[in-house]
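Undergrad: Sharing a structure here in structure tokens format.
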Amino acid sequence: MTRTDVRAADTAHPVAPVAVDITDLHYAYPDGHVALDGIDLSVAPGERIALLGPNGAGKTTLMLQLNGVLLPTAGSVSIHGRQVAKDSLRQVRRQVGLVFQDPDDQLFMPTLIEDVAFGPANFGVTGDELVARVEAALATVSMTEHARRSPHHLSGGQRRRGALASVLACRPDILVLDEPSANLDPVARRELADTLLGLDTTMLVVTHDLLYAAQLCDRAVIVDAGRIVADDAIDDILADAELLAAHRLELPWGFDADTVRRARTARRPSSAAR
Ligand SMILES: Nc1ncnc2c1ncn2[C@@H]1O[C@H](COP(=O)(O)OP(=O)(O)OP(=O)(O)O)[C@@H](O)[C@H]1O
């Protein structure tokens, strides 16, 4: 039984507060291509969920629905009980921060510090509060020393951290990351994972990197052909070789689910309690 089934079966009882609630979401691009074909997903505050699936499955399209970059063709997306729609975009975008795969989609000011200040300033934050937010966001991603540099002069990994800072400065309580580990060297991957694990936000991570997903997340959802085909504890998803193969997912050579689970629990002893 998936979590969605559990929720449906338990509607007679009080439900826990929900950070993200997606109901029968359909989305077709303007050319008619159906990218999402009936998605139901409920995310509790503080959960970290990996969104997995083959190329073209609909993961990025789903992510773009979470703060209204795209709006449903049918069905609904709600953030902390507020439906994502044209008239709620401003509030929803304060709550949901998207970190795109390509940091150049997010960094466009002459210096990094201006990029990091841009979001909160746009939401009306000024003065000492703005300075404090920008400094804290840069410090969280260890980019303080690069604050006055042009994003164009930063390395790929530094730009990625800068893009994350620009989102963190808006203090979202839901963070959605598209392929956060792509193009990072091993140390930068680990440092970014440490940064993300230190954040107290609800997190959805779109990735093809199952090890990174296991490092960050306790729950995984597999999307294929615009539908959710599995939704379970990540250890159980990774242990189901047939399921992974059916959706073009595989652990790197030499890894099996037990190795990943042991490494995960050794590294994050508190994760079992989440
Ligand atoms: N602007 C667009 N117009 C029409 N179809 C699109 C558009 N963008 C994406 N699609 C299609 O929608 C489907 C879902 O794409 P999406 O980018 O959400 O997949 P994905 O799971 O993120 O894939 P990947 O893992 O390759 O990044 C694909 O079939 C894709 O070709």
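Ligands are numbered from 1 in the order shown, chains are lettered A, B, ... in the order of the structure tokens, and residues start at 1 in each chain.
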Do a neighbour search on Leu177 (chain A) at 7 Å with only C-alpha atoms, toss out local chain neighbours closer than 2 positions, and write the hits as a short mmCIF file (atom, residue, chain, number, x, y, z; two decimals) with N, CA and C atoms, in the first residue's frame.
TA:
data_model
loop_
_atom_site.label_atom_id
_atom_site.label_comp_id
_atom_site.auth_asym_id
_atom_site.auth_seq_id
_atom_site.Cartn_x
_atom_site.Cartn_y
_atom_site.Cartn_z
N LEU A 98 12.54 27.13 -5.29
CA LEU A 98 13.04 26.18 -6.29
C LEU A 98 14.50 26.46 -6.56
N VAL A 99 15.31 25.41 -6.52
CA VAL A 99 16.72 25.54 -6.90
C VAL A 99 16.89 24.76 -8.20
N PHE A 100 17.09 25.50 -9.29
CA PHE A 100 17.14 24.88 -10.61
C PHE A 100 18.45 24.13 -10.83
N LEU A 175 11.75 23.38 0.22
CA LEU A 175 12.85 23.56 -0.74
C LEU A 175 12.75 22.46 -1.78
N GLU A 179 18.27 18.06 -9.42
CA GLU A 179 19.62 17.49 -9.62
C GLU A 179 20.70 18.25 -8.86
N PRO A 180 20.60 18.34 -7.53
CA PRO A 180 21.55 19.17 -6.80
C PRO A 180 22.99 18.68 -6.89
N LEU A 204 12.08 18.46 -1.37
CA LEU A 204 11.84 17.52 -2.47
C LEU A 204 13.05 17.61 -3.39
N VAL A 205 13.65 16.46 -3.66
CA VAL A 205 14.89 16.43 -4.42
C VAL A 205 14.67 15.62 -5.68
N VAL A 206 14.73 16.28 -6.83
CA VAL A 206 14.62 15.59 -8.12
C VAL A 206 16.02 15.11 -8.48
#
Undergrad: Counting only C-alpha atoms and all ligand atoms, name the residues that have an atom within 7 Å of an atom of ligand 1; the answer should be given as a list in words.
TA: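 Those within range of ligand 1 are Tyr29, Pro30, Asp31, His33, Val34, Ala35, Gly53, Pro54, Asn55, Gly56, Ala57, Gly58, Lys59, Thr60, Thr61 and Leu62 of chain A.
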Undergrad: Using N, CA and C atoms, can you write the selected residues to a file as a short mmCIF file (atom, residue, chain, number, x, y, z; two decimals), in the first residue's frame?
TA:
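Wrote part.cif, looks like this:
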data_model
loop_
_atom_site.label_atom_id
_atom_site.label_comp_id
_atom_site.auth_asym_id
_atom_site.auth_seq_id
_atom_site.Cartn_x
_atom_site.Cartn_y
_atom_site.Cartn_z
N TYR A 29 1.46 20.41 -21.75
CA TYR A 29 2.15 21.59 -22.28
C TYR A 29 1.31 22.20 -23.41
N PRO A 30 1.59 23.46 -23.75
CA PRO A 30 0.77 24.12 -24.79
C PRO A 30 0.70 23.36 -26.10
N ASP A 31 1.74 22.54 -26.40
CA ASP A 31 1.68 21.77 -27.66
C ASP A 31 0.82 20.52 -27.52
N HIS A 33 1.31 18.05 -25.30
CA HIS A 33 1.99 16.90 -24.71
C HIS A 33 1.60 16.76 -23.23
N VAL A 34 1.05 15.58 -22.88
CA VAL A 34 0.63 15.34 -21.50
C VAL A 34 1.84 14.91 -20.67
N ALA A 35 2.26 15.78 -19.73
CA ALA A 35 3.46 15.48 -18.93
C ALA A 35 3.09 14.93 -17.56
N GLY A 53 12.89 8.84 -11.34
CA GLY A 53 12.20 8.40 -12.54
C GLY A 53 13.07 8.60 -13.76
N PRO A 54 12.72 7.91 -14.86
CA PRO A 54 13.54 8.01 -16.06
C PRO A 54 13.43 9.38 -16.73
N ASN A 55 14.26 9.61 -17.71
CA ASN A 55 14.18 10.85 -18.50
C ASN A 55 12.77 10.99 -19.06
N GLY A 56 12.27 12.21 -18.99
CA GLY A 56 10.96 12.49 -19.60
C GLY A 56 9.78 12.05 -18.76
N ALA A 57 10.04 11.60 -17.51
CA ALA A 57 8.96 11.05 -16.67
C ALA A 57 7.96 12.11 -16.23
N GLY A 58 8.44 13.36 -16.07
CA GLY A 58 7.56 14.43 -15.58
C GLY A 58 8.04 15.05 -14.28
N LYS A 59 9.25 14.70 -13.84
CA LYS A 59 9.74 15.18 -12.54
C LYS A 59 9.89 16.71 -12.51
N THR A 60 10.54 17.25 -13.54
CA THR A 60 10.75 18.70 -13.56
C THR A 60 9.41 19.42 -13.71
N THR A 61 8.53 18.87 -14.52
CA THR A 61 7.21 19.47 -14.69
C THR A 61 6.47 19.51 -13.35
N LEU A 62 6.60 18.43 -12.58
CA LEU A 62 5.96 18.37 -11.26
C LEU A 62 6.57 19.42 -10.34
#
Undergrad: Using the chain letters and numbers from this document, which residues of region 4-113 of chain A does DSSP assign to strand (DSSP E), as a VMD selection string?
TA: chain A and resid 20 to 28 34 to 43 48 to 52 74 to 79 82 to 83 96 to 99
Undergrad: Keeping N, CA and C atoms, export the residues of the selection given above as a compact mmCIF listing (two decimals), in the first residue's frame.
TA:
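Full text of result.txt as output:
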# COMPACT_ATOMS: atom_id res chain seq x y z
N VAL A 20 2.66 19.90 1.47
CA VAL A 20 2.30 19.89 0.05
C VAL A 20 1.20 18.87 -0.14
N ASP A 21 0.14 19.28 -0.80
CA ASP A 21 -0.96 18.35 -1.07
C ASP A 21 -1.32 18.45 -2.55
N ILE A 22 -1.06 17.39 -3.27
CA ILE A 22 -1.32 17.38 -4.72
C ILE A 22 -2.42 16.37 -4.98
N THR A 23 -3.46 16.82 -5.66
CA THR A 23 -4.63 15.96 -5.89
C THR A 23 -4.96 15.87 -7.38
N ASP A 24 -4.89 14.67 -7.90
CA ASP A 24 -5.29 14.37 -9.29
C ASP A 24 -4.76 15.41 -10.27
N LEU A 25 -3.48 15.69 -10.14
CA LEU A 25 -2.85 16.74 -10.95
C LEU A 25 -2.57 16.26 -12.39
N HIS A 26 -3.10 17.02 -13.31
CA HIS A 26 -2.82 16.77 -14.73
C HIS A 26 -2.17 18.03 -15.31
N TYR A 27 -1.22 17.82 -16.20
CA TYR A 27 -0.67 18.98 -16.89
C TYR A 27 -0.30 18.60 -18.32
N ALA A 28 -0.78 19.40 -19.26
CA ALA A 28 -0.38 19.24 -20.66
C ALA A 28 0.31 20.53 -21.09
N VAL A 34 1.05 15.58 -22.88
CA VAL A 34 0.63 15.34 -21.50
C VAL A 34 1.84 14.91 -20.67
N ALA A 35 2.26 15.78 -19.73
CA ALA A 35 3.46 15.48 -18.93
C ALA A 35 3.09 14.93 -17.56
N LEU A 36 1.94 15.34 -17.02
CA LEU A 36 1.48 14.82 -15.73
C LEU A 36 0.07 14.29 -15.92
N ASP A 37 -0.16 13.06 -15.45
CA ASP A 37 -1.39 12.37 -15.84
C ASP A 37 -2.11 11.78 -14.62
N GLY A 38 -2.32 12.65 -13.60
CA GLY A 38 -3.06 12.17 -12.42
C GLY A 38 -2.13 11.88 -11.26
N ILE A 39 -1.49 12.95 -10.73
CA ILE A 39 -0.54 12.80 -9.62
C ILE A 39 -1.26 13.10 -8.31
N ASP A 40 -1.12 12.18 -7.33
CA ASP A 40 -1.58 12.42 -5.96
C ASP A 40 -0.37 12.29 -5.05
N LEU A 41 -0.11 13.32 -4.25
CA LEU A 41 1.08 13.28 -3.39
C LEU A 41 0.84 14.17 -2.19
N SER A 42 1.16 13.64 -1.03
CA SER A 42 1.02 14.41 0.20
C SER A 42 2.36 14.39 0.93
N VAL A 43 2.82 15.57 1.31
CA VAL A 43 4.13 15.69 1.95
C VAL A 43 3.94 16.36 3.30
N ARG A 48 11.69 14.74 3.79
CA ARG A 48 12.62 14.90 2.66
C ARG A 48 12.32 13.78 1.69
N ILE A 49 11.90 14.17 0.50
CA ILE A 49 11.44 13.17 -0.47
C ILE A 49 12.27 13.25 -1.74
N ALA A 50 12.72 12.10 -2.22
CA ALA A 50 13.40 12.04 -3.51
C ALA A 50 12.37 11.79 -4.60
N LEU A 51 12.42 12.59 -5.67
CA LEU A 51 11.57 12.35 -6.84
C LEU A 51 12.44 11.68 -7.89
N LEU A 52 12.16 10.40 -8.14
CA LEU A 52 12.99 9.61 -9.04
C LEU A 52 12.18 9.26 -10.29
N ALA A 74 -5.58 20.36 -14.86
CA ALA A 74 -6.70 19.88 -14.02
C ALA A 74 -6.11 19.38 -12.71
N GLY A 75 -6.96 19.31 -11.67
CA GLY A 75 -6.48 18.90 -10.36
C GLY A 75 -5.91 20.10 -9.61
N SER A 76 -5.27 19.82 -8.46
CA SER A 76 -4.80 20.95 -7.66
C SER A 76 -3.50 20.65 -6.92
N VAL A 77 -2.79 21.75 -6.62
CA VAL A 77 -1.59 21.71 -5.78
C VAL A 77 -1.84 22.70 -4.66
N SER A 78 -1.69 22.25 -3.40
CA SER A 78 -1.84 23.18 -2.27
C SER A 78 -0.57 23.17 -1.44
N ILE A 79 -0.19 24.35 -0.98
CA ILE A 79 0.98 24.52 -0.12
C ILE A 79 0.48 25.03 1.22
N ARG A 82 -2.97 26.26 1.06
CA ARG A 82 -3.36 27.31 0.11
C ARG A 82 -3.15 26.79 -1.31
N GLN A 83 -4.20 26.85 -2.12
CA GLN A 83 -4.10 26.31 -3.48
C GLN A 83 -3.21 27.20 -4.34
N VAL A 96 7.75 28.36 -1.07
CA VAL A 96 8.41 27.29 -1.82
C VAL A 96 9.59 27.88 -2.60
N GLY A 97 10.78 27.39 -2.31
CA GLY A 97 11.96 27.84 -3.04
C GLY A 97 12.41 26.76 -4.01
N LEU A 98 12.54 27.13 -5.29
CA LEU A 98 13.04 26.18 -6.29
C LEU A 98 14.50 26.46 -6.56
N VAL A 99 15.31 25.41 -6.52
CA VAL A 99 16.72 25.54 -6.90
C VAL A 99 16.89 24.76 -8.20
Undergrad: Compile the contact shell of region 123-134 of chain A as a PyMOL selection string: residues with an atom at most 9 Å away, counting only C-alpha atoms, same-chain residues fewer than 5 positions apart removed.
TA: chain A and resi 90+94+113-114+116-118+139+165-166+168-171
Undergrad: Within 6 Å of region 140-151 of chain A, counting only C-alpha atoms, which residues qualify if same-chain residues fewer than 6 places away don't, as an MDAnalysis selection string?
TA: chainID A and resid 110:113 161
Undergrad: Got a sec: who's within 9 Å of Ala241 (chain A), counting only C-alpha atoms, leaving out chain neighbours fewer than 5 positions off, as an NGL selection string?
TA: :A and (246 or 249-250 or 257)
Undergrad: So that I can check the surroundings of Ala214 (chain A), please list as a PyMOL selection string every protein, DNA and RNA residue that reaches within 9 Å of it, counting only C-alpha atoms and ignoring chain neighbours fewer than 4 positions away.
TA: chain A and resi 50+209-210+218-220+234-235+238+260-261+264
Undergrad: Got a sec: who's within 12 Å of Gly198 (chain A), counting only C-alpha atoms, leaving out chain neighbours fewer than 4 positions off, as a VMD selection string?
TA: chain A and resid 46 140 to 141 191 to 194 202 to 203 216 268
Undergrad: DSSP on the backbone, then: every residue of region 43-266 of chain A marked helix (DSSP H, G or I), written as a PyMOL selection string.
TA: chain A and resi 59-65+86-95+103-105+112-122+127-140+144-146+151-153+156-168+186-197+210-216+234-239+241-246+257-266
Undergrad: Of the residues A:Val223, A:Ala263, A:Thr195, A:Ala136, which is the one nearest to Arg248 (chain A), using only C-alpha atoms?
TA: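 That would be A:Val223, the residue with the smallest distance to Arg248 (chain A).
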Undergrad: Go ahead and compute the interatomic distance for CA of Pro252 (chain A) and CA of His208 (chain A), in Å to one decimal.
TA: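 Separation of CA of Pro252 (chain A) and CA of His208 (chain A): 10.8 Å.
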Undergrad: Interatomic distance between CA of Ile174 (chain A) and CA of Pro45 (chain A)?
TA: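 Computing it gives 8.2 Å between the two atoms.
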Undergrad: Identify which of the residues A:Val18, A:Ile222, A:Ala266, A:Leu138 lies closest to Ala44 (chain A), counting only C-alpha atoms when measuring atom-to-atom distances.
TA: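 The shortest atom-to-atom distance to Ala44 (chain A) comes from A:Val18.
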